[in-house]
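Below: work_30.pdb (PDB, C-alpha atoms)
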```
ATOM      1  CA  MET A 223       0.000   0.000   0.000
ATOM      2  CA  TRP A 224       2.784   2.404   0.926
ATOM      3  CA  PHE A 225       4.720   1.724  -2.223
ATOM      4  CA  ALA A 226       1.601   1.983  -4.347
ATOM      5  CA  MET A 227       0.833   5.397  -2.854
ATOM      6  CA  LEU A 228       4.385   6.621  -3.301
ATOM      7  CA  GLU A 229       4.722   5.297  -6.840
ATOM      8  CA  ASN A 230       1.378   6.662  -8.004
ATOM      9  CA  THR A 231       2.581   9.965  -9.420
ATOM     10  CA  SER A 232       0.900   9.585 -12.774
ATOM     11  CA  GLY A 233      -2.083  11.571 -11.572
ATOM     12  CA  THR A 234      -4.653   8.920 -12.412
ATOM     13  CA  THR A 235      -6.259   9.292  -9.003
ATOM     14  CA  PRO A 236      -6.173  12.916  -7.873
ATOM     15  CA  ASN A 237      -7.450  12.069  -4.366
ATOM     16  CA  SER A 238      -4.526   9.794  -3.500
ATOM     17  CA  ASP A 239      -2.093  12.676  -2.941
ATOM     18  CA  TRP A 240      -3.995  14.217  -0.039
ATOM     19  CA  ILE A 241      -4.694  10.778   1.465
ATOM     20  CA  MET A 242      -0.973  10.097   1.538
ATOM     21  CA  TRP A 243      -0.262  13.413   3.283
ATOM     22  CA  VAL A 244      -3.047  12.843   5.829
ATOM     23  CA  LEU A 245      -1.657   9.393   6.595
ATOM     24  CA  ILE A 246       1.872  10.745   7.034
ATOM     25  CA  GLY A 247       0.512  13.570   9.229
ATOM     26  CA  VAL A 248      -1.351  11.116  11.476
ATOM     27  CA  ILE A 249       1.786   9.032  11.894
ATOM     28  CA  VAL A 250       3.905  12.090  12.763
ATOM     29  CA  VAL A 251       1.341  13.386  15.281
ATOM     30  CA  GLY A 252       1.093   9.924  16.853
ATOM     31  CA  PHE A 253       4.874   9.701  17.195
ATOM     32  CA  ILE A 254       5.069  13.149  18.814
ATOM     33  CA  ALA A 255       2.243  12.272  21.241
ATOM     34  CA  TYR A 256       4.006   9.020  22.167
ATOM     35  CA  ILE A 257       7.264  10.843  22.950
ATOM     36  CA  PHE A 258       5.429  13.531  24.942
ATOM     37  CA  PHE A 259       3.462  11.117  27.133
ATOM     38  CA  SER A 260       6.328   8.701  27.710
ATOM     39  CA  GLY A 261       8.517  11.617  28.774
ATOM     40  CA  ARG A 262       5.918  12.726  31.308
ATOM     41  CA  LYS A 263       5.673   9.207  32.722
ATOM     42  CA  ASN A 264       9.447   8.954  33.070
ATOM     43  CA  LYS A 265       9.600  12.358  34.739
ATOM     44  CA  ALA A 266       6.932  11.328  37.267
ATOM     45  CA  ARG A 267       8.773   8.068  37.985
ATOM     46  CA  GLN A 268      12.046   9.957  38.502
ATOM     47  CA  GLN A 269      10.346  12.459  40.845
ATOM     48  CA  GLU A 270       8.904   9.614  42.915
ATOM     49  CA  TYR A 271      12.363   8.005  43.145
ATOM     50  CA  VAL A 272      13.910  11.286  44.348
ATOM     51  CA  GLU A 273      11.166  11.711  46.973
ATOM     52  CA  GLN A 274      11.759   8.158  48.148
ATOM     53  CA  LEU A 275      15.498   8.799  48.526
ATOM     54  CA  GLU A 276      14.795  11.974  50.495
ATOM     55  CA  ALA A 277      12.476  10.040  52.839
ATOM     56  CA  ILE A 278      15.189   7.554  53.884
ATOM     57  CA  ARG A 279      15.830   7.687  57.618
ATOM     58  CA  PRO A 280      17.725   5.440  60.042
ATOM     59  CA  GLY A 281      15.957   2.100  60.425
ATOM     60  CA  HIS A 282      14.746   1.807  56.816
ATOM     61  CA  LYS A 283      15.665  -1.327  54.905
ATOM     62  CA  VAL A 284      17.476  -0.733  51.616
ATOM     63  CA  LYS A 285      18.902  -2.697  48.711
ATOM     64  CA  THR A 286      21.656  -1.150  46.637
ATOM     65  CA  ALA A 287      22.191  -1.350  42.898
ATOM     66  CA  GLY A 288      25.052  -3.767  43.610
ATOM     67  CA  GLY A 289      22.776  -6.125  45.562
ATOM     68  CA  ILE A 290      23.838  -5.223  49.111
ATOM     69  CA  CYS A 291      20.918  -5.431  51.528
ATOM     70  CA  GLY A 292      20.988  -3.706  54.878
ATOM     71  CA  ILE A 293      19.482  -1.254  57.310
ATOM     72  CA  VAL A 294      20.252   2.463  57.259
ATOM     73  CA  VAL A 295      22.127   3.462  60.397
ATOM     74  CA  GLU A 296      22.873   7.072  59.590
ATOM     75  CA  VAL A 297      22.031   9.618  56.901
ATOM     76  CA  CYS A 298      24.937  11.999  56.359
ATOM     77  CA  ASP A 299      24.808  15.599  55.168
ATOM     78  CA  ASP A 300      26.924  14.934  52.066
ATOM     79  CA  ASN A 301      24.168  12.870  50.357
ATOM     80  CA  THR A 302      25.535   9.571  51.679
ATOM     81  CA  VAL A 303      24.159   6.901  53.999
ATOM     82  CA  ILE A 304      25.759   4.350  56.277
ATOM     83  CA  ILE A 305      24.243   0.881  55.903
ATOM     84  CA  GLU A 306      24.580  -1.952  58.407
ATOM     85  CA  THR A 307      24.877  -5.392  56.835
ATOM     86  CA  GLY A 308      25.433  -8.853  58.293
ATOM     87  CA  SER A 309      24.062 -10.429  61.449
ATOM     88  CA  GLU A 310      25.046 -11.017  65.050
ATOM     89  CA  ASN A 311      26.382 -14.499  64.224
ATOM     90  CA  SER A 312      28.395 -13.627  61.118
ATOM     91  CA  GLY A 313      29.434 -10.201  62.306
ATOM     92  CA  LYS A 314      28.081  -6.831  61.315
ATOM     93  CA  SER A 315      29.733  -4.515  58.846
ATOM     94  CA  TYR A 316      29.010  -0.947  57.885
ATOM     95  CA  VAL A 317      29.107   0.474  54.368
ATOM     96  CA  LYS A 318      29.054   4.164  53.509
ATOM     97  CA  MET A 319      27.694   4.951  50.046
ATOM     98  CA  ASP A 320      25.897   7.529  47.947
ATOM     99  CA  LYS A 321      22.113   7.678  48.252
ATOM    100  CA  GLU A 322      21.818   7.398  44.463
ATOM    101  CA  LEU A 323      23.156   3.828  44.654
ATOM    102  CA  ILE A 324      20.035   2.724  46.537
ATOM    103  CA  ALA A 325      17.782   0.795  44.164
ATOM    104  CA  GLN A 326      14.972  -0.249  46.540
ATOM    105  CA  THR A 327      13.815   0.895  49.943
ATOM    106  CA  ASP A 328      10.836   0.604  52.236
ATOM    107  CA  ALA A 329      10.827   4.383  52.785
ATOM    108  CA  LYS A 330       7.757   6.103  51.393
ATOM    109  CA  GLY A 331       7.762   9.583  49.939
ATOM    110  CA  PRO A 332       4.837  12.022  50.165
ATOM    111  CA  THR A 333       3.508  11.082  46.717
ATOM    112  CA  GLN A 334       3.424   7.393  47.584
ATOM    113  CA  LEU A 335       1.770   8.070  50.954
ATOM    114  CA  ALA A 336      -0.921  10.192  49.277
ATOM    115  CA  ARG A 337      -1.541   7.467  46.672
ATOM    116  CA  GLU A 338      -1.926   4.815  49.410
ATOM    117  CA  ALA A 339      -4.300   7.040  51.398
ATOM    118  CA  ALA A 340      -6.450   7.606  48.305
ATOM    119  CA  GLU A 341      -6.496   3.851  47.628
ATOM    120  CA  GLU A 342      -7.601   3.118  51.209
ATOM    121  CA  LYS A 343     -10.332   5.757  50.919
ATOM    122  CA  ARG A 344     -11.608   4.229  47.652
ATOM    123  CA  LYS A 345     -11.575   0.780  49.213
ATOM    124  CA  ALA A 346     -13.548   1.979  52.250
ATOM    125  CA  GLU A 347     -16.113   3.718  50.017
ATOM    126  CA  LYS A 348     -16.503   0.580  47.912
ATOM    127  CA  GLU A 349     -17.038  -1.565  51.027
ATOM    128  CA  ALA A 350     -19.617   0.922  52.337
ATOM    129  CA  LYS A 351     -21.535   0.810  49.019
ATOM    130  CA  GLU A 352     -21.500  -2.993  49.006
ATOM    131  CA  ALA A 353     -22.740  -3.082  52.608
ATOM    132  CA  ALA A 354     -25.534  -0.643  51.728
ATOM    133  CA  LYS A 355     -26.588  -2.858  48.802
ATOM    134  CA  ARG A 356     -26.780  -5.867  51.119
ATOM    135  CA  GLY A 357     -28.783  -3.854  53.641
ATOM    136  CA  GLU A 358     -26.182  -4.057  56.353
ATOM    137  CA  ALA A 359     -25.040  -1.203  58.507
ATOM    138  CA  PRO A 360     -21.751   0.162  57.170
ATOM    139  CA  ALA A 361     -18.702  -0.658  59.219
ATOM    140  CA  ALA A 362     -17.245   2.190  61.219
ATOM    141  CA  PRO A 363     -14.350   3.797  59.363
ATOM    142  CA  ALA A 364     -10.940   3.006  60.750
ATOM    143  CA  GLN A 365      -9.688   5.888  62.809
ATOM    144  CA  ALA A 366      -6.140   6.755  63.625
ATOM    145  CA  PRO A 367      -5.182   5.835  67.185
ATOM    146  CA  ALA A 368      -5.359   8.656  69.642
ATOM    147  CA  GLU A 369      -2.040  10.373  70.041
ATOM    148  CA  ALA A 370      -0.188  10.060  73.304
ATOM    149  CA  PRO A 371      -0.237  13.221  75.376
ATOM    150  CA  ALA A 372       2.526  15.542  74.356
ATOM    151  CA  GLU A 373       5.426  15.710  76.752
ATOM    152  CA  GLU A 374       6.244  19.087  78.126
ATOM    153  CA  ALA A 375       9.208  20.703  76.498
ATOM    154  CA  PRO A 376      12.152  21.267  78.793
ATOM    155  CA  ALA A 377      12.351  24.749  80.147
ATOM    156  CA  SER A 378      14.755  27.098  78.435
ATOM    157  CA  ASP A 379      17.923  28.242  80.166
ATOM    158  CA  GLU A 380      16.377  31.619  80.989
ATOM    159  CA  GLU A 381      13.386  30.032  82.750
ATOM    160  CA  GLU A 382      15.649  27.711  84.745
ATOM    161  CA  LYS A 383      17.652  30.682  86.045
ATOM    162  CA  LYS A 384      14.505  32.374  87.427
TER     163      LYS A 384
END
```
Turn this file's structure into structure tokens for me.
Amino acid sequence: MWFAMLENTSGTTPNSDWIMWVLIGVIVVGFIAYIFFSGRKNKARQQEYVEQLEAIRPGHKVKTAGGICGIVVEVCDDNTVIIETGSENSGKSYVKMDKELIAQTDAKGPTQLAREAAEEKRKAEKEAKEAAKRGEAPAAPAQAPAEAPAEEAPASDEEEKK
């Protein structure tokens, strides 16, 4: 079909020229749209990865690009972390490395937390609708546990002197 359209320059069918240009235009627009949307998806994925790296704190489990698994002991100011590997029996070791070398972690960034909260909300709404269809009383929504009373802040040096 392509070759027939390209070879048909004799002018026997005057409508074939504009059909060819429309077809080429659709292909070009489709290619540009594909590049645009795939770039946006990659940018969002990269932003989520950066947020996840920023959320790493001591106690989070991590796996590096080299396959080292461990627990973060300390997050340093120079964009590095100290990871504890090993066990009590085999002996523990500590590795200091760049944050960018972390491939997986259980730390959750703000975007991921918001996505999980929205998913839980949708799930609760769906369960409430299903319970209403069955004629049952909807289950009470899960509430966050009450916070422990805040401890009093230590008095400042000036108040202690008085």
Evaluate the PyMOL selection byres ((chain A and resi 331-339) around 7) against this structure - the residues, as a list in words, please.
Glu270, Glu273, Gln274, Ala277, Ala329, Lys330, Ala340, Glu341, Glu342 and Lys343 of chain A
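Across the model, the gap from atom CA of Glu276 of chain A to atom CA of Asp300 of chain A is 12.6 Å.
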Spatial neighbours of Gly288 of chain A, 12 Å, only C-alpha atoms, chain gap at least 5 places, as a list of chain:residue names
A:Met319, A:Glu322, A:Leu323, A:Ile324, A:Ala325, A:Gln326
For the residues selected in the previous step, produce a file with C-alpha atoms as a compact mmCIF listing (two decimals), keeping the file's coordinate frame.
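Printed below is again-v8.txt as written:
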```txt
# COMPACT_ATOMS: atom_id res chain seq x y z
CA MET A 319 27.69 4.95 50.05
CA GLU A 322 21.82 7.40 44.46
CA LEU A 323 23.16 3.83 44.65
CA ILE A 324 20.04 2.72 46.54
CA ALA A 325 17.78 0.80 44.16
CA GLN A 326 14.97 -0.25 46.54
```
Tell me, as a ChimeraX atom specification, which residues lie within 12 Å of segment 307-311 of chain A, counting all atoms listed in the file; anything in the same chain fewer than 5 positions away does not count.
/A:283-286,289-295,316-318
Saved segment 246-287 of chain A from the preceding structure, C-alpha atoms, as a compact mmCIF listing (two decimals), in the first residue's frame:
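And here is the file that came out, out.txt:
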```txt
# COMPACT_ATOMS: atom_id res chain seq x y z
CA ILE A 246 1.87 10.75 7.03
CA GLY A 247 0.51 13.57 9.23
CA VAL A 248 -1.35 11.12 11.48
CA ILE A 249 1.79 9.03 11.89
CA VAL A 250 3.91 12.09 12.76
CA VAL A 251 1.34 13.39 15.28
CA GLY A 252 1.09 9.92 16.85
CA PHE A 253 4.87 9.70 17.19
CA ILE A 254 5.07 13.15 18.81
CA ALA A 255 2.24 12.27 21.24
CA TYR A 256 4.01 9.02 22.17
CA ILE A 257 7.26 10.84 22.95
CA PHE A 258 5.43 13.53 24.94
CA PHE A 259 3.46 11.12 27.13
CA SER A 260 6.33 8.70 27.71
CA GLY A 261 8.52 11.62 28.77
CA ARG A 262 5.92 12.73 31.31
CA LYS A 263 5.67 9.21 32.72
CA ASN A 264 9.45 8.95 33.07
CA LYS A 265 9.60 12.36 34.74
CA ALA A 266 6.93 11.33 37.27
CA ARG A 267 8.77 8.07 37.99
CA GLN A 268 12.05 9.96 38.50
CA GLN A 269 10.35 12.46 40.85
CA GLU A 270 8.90 9.61 42.91
CA TYR A 271 12.36 8.00 43.15
CA VAL A 272 13.91 11.29 44.35
CA GLU A 273 11.17 11.71 46.97
CA GLN A 274 11.76 8.16 48.15
CA LEU A 275 15.50 8.80 48.53
CA GLU A 276 14.80 11.97 50.49
CA ALA A 277 12.48 10.04 52.84
CA ILE A 278 15.19 7.55 53.88
CA ARG A 279 15.83 7.69 57.62
CA PRO A 280 17.73 5.44 60.04
CA GLY A 281 15.96 2.10 60.42
CA HIS A 282 14.75 1.81 56.82
CA LYS A 283 15.67 -1.33 54.90
CA VAL A 284 17.48 -0.73 51.62
CA LYS A 285 18.90 -2.70 48.71
CA THR A 286 21.66 -1.15 46.64
CA ALA A 287 22.19 -1.35 42.90
```
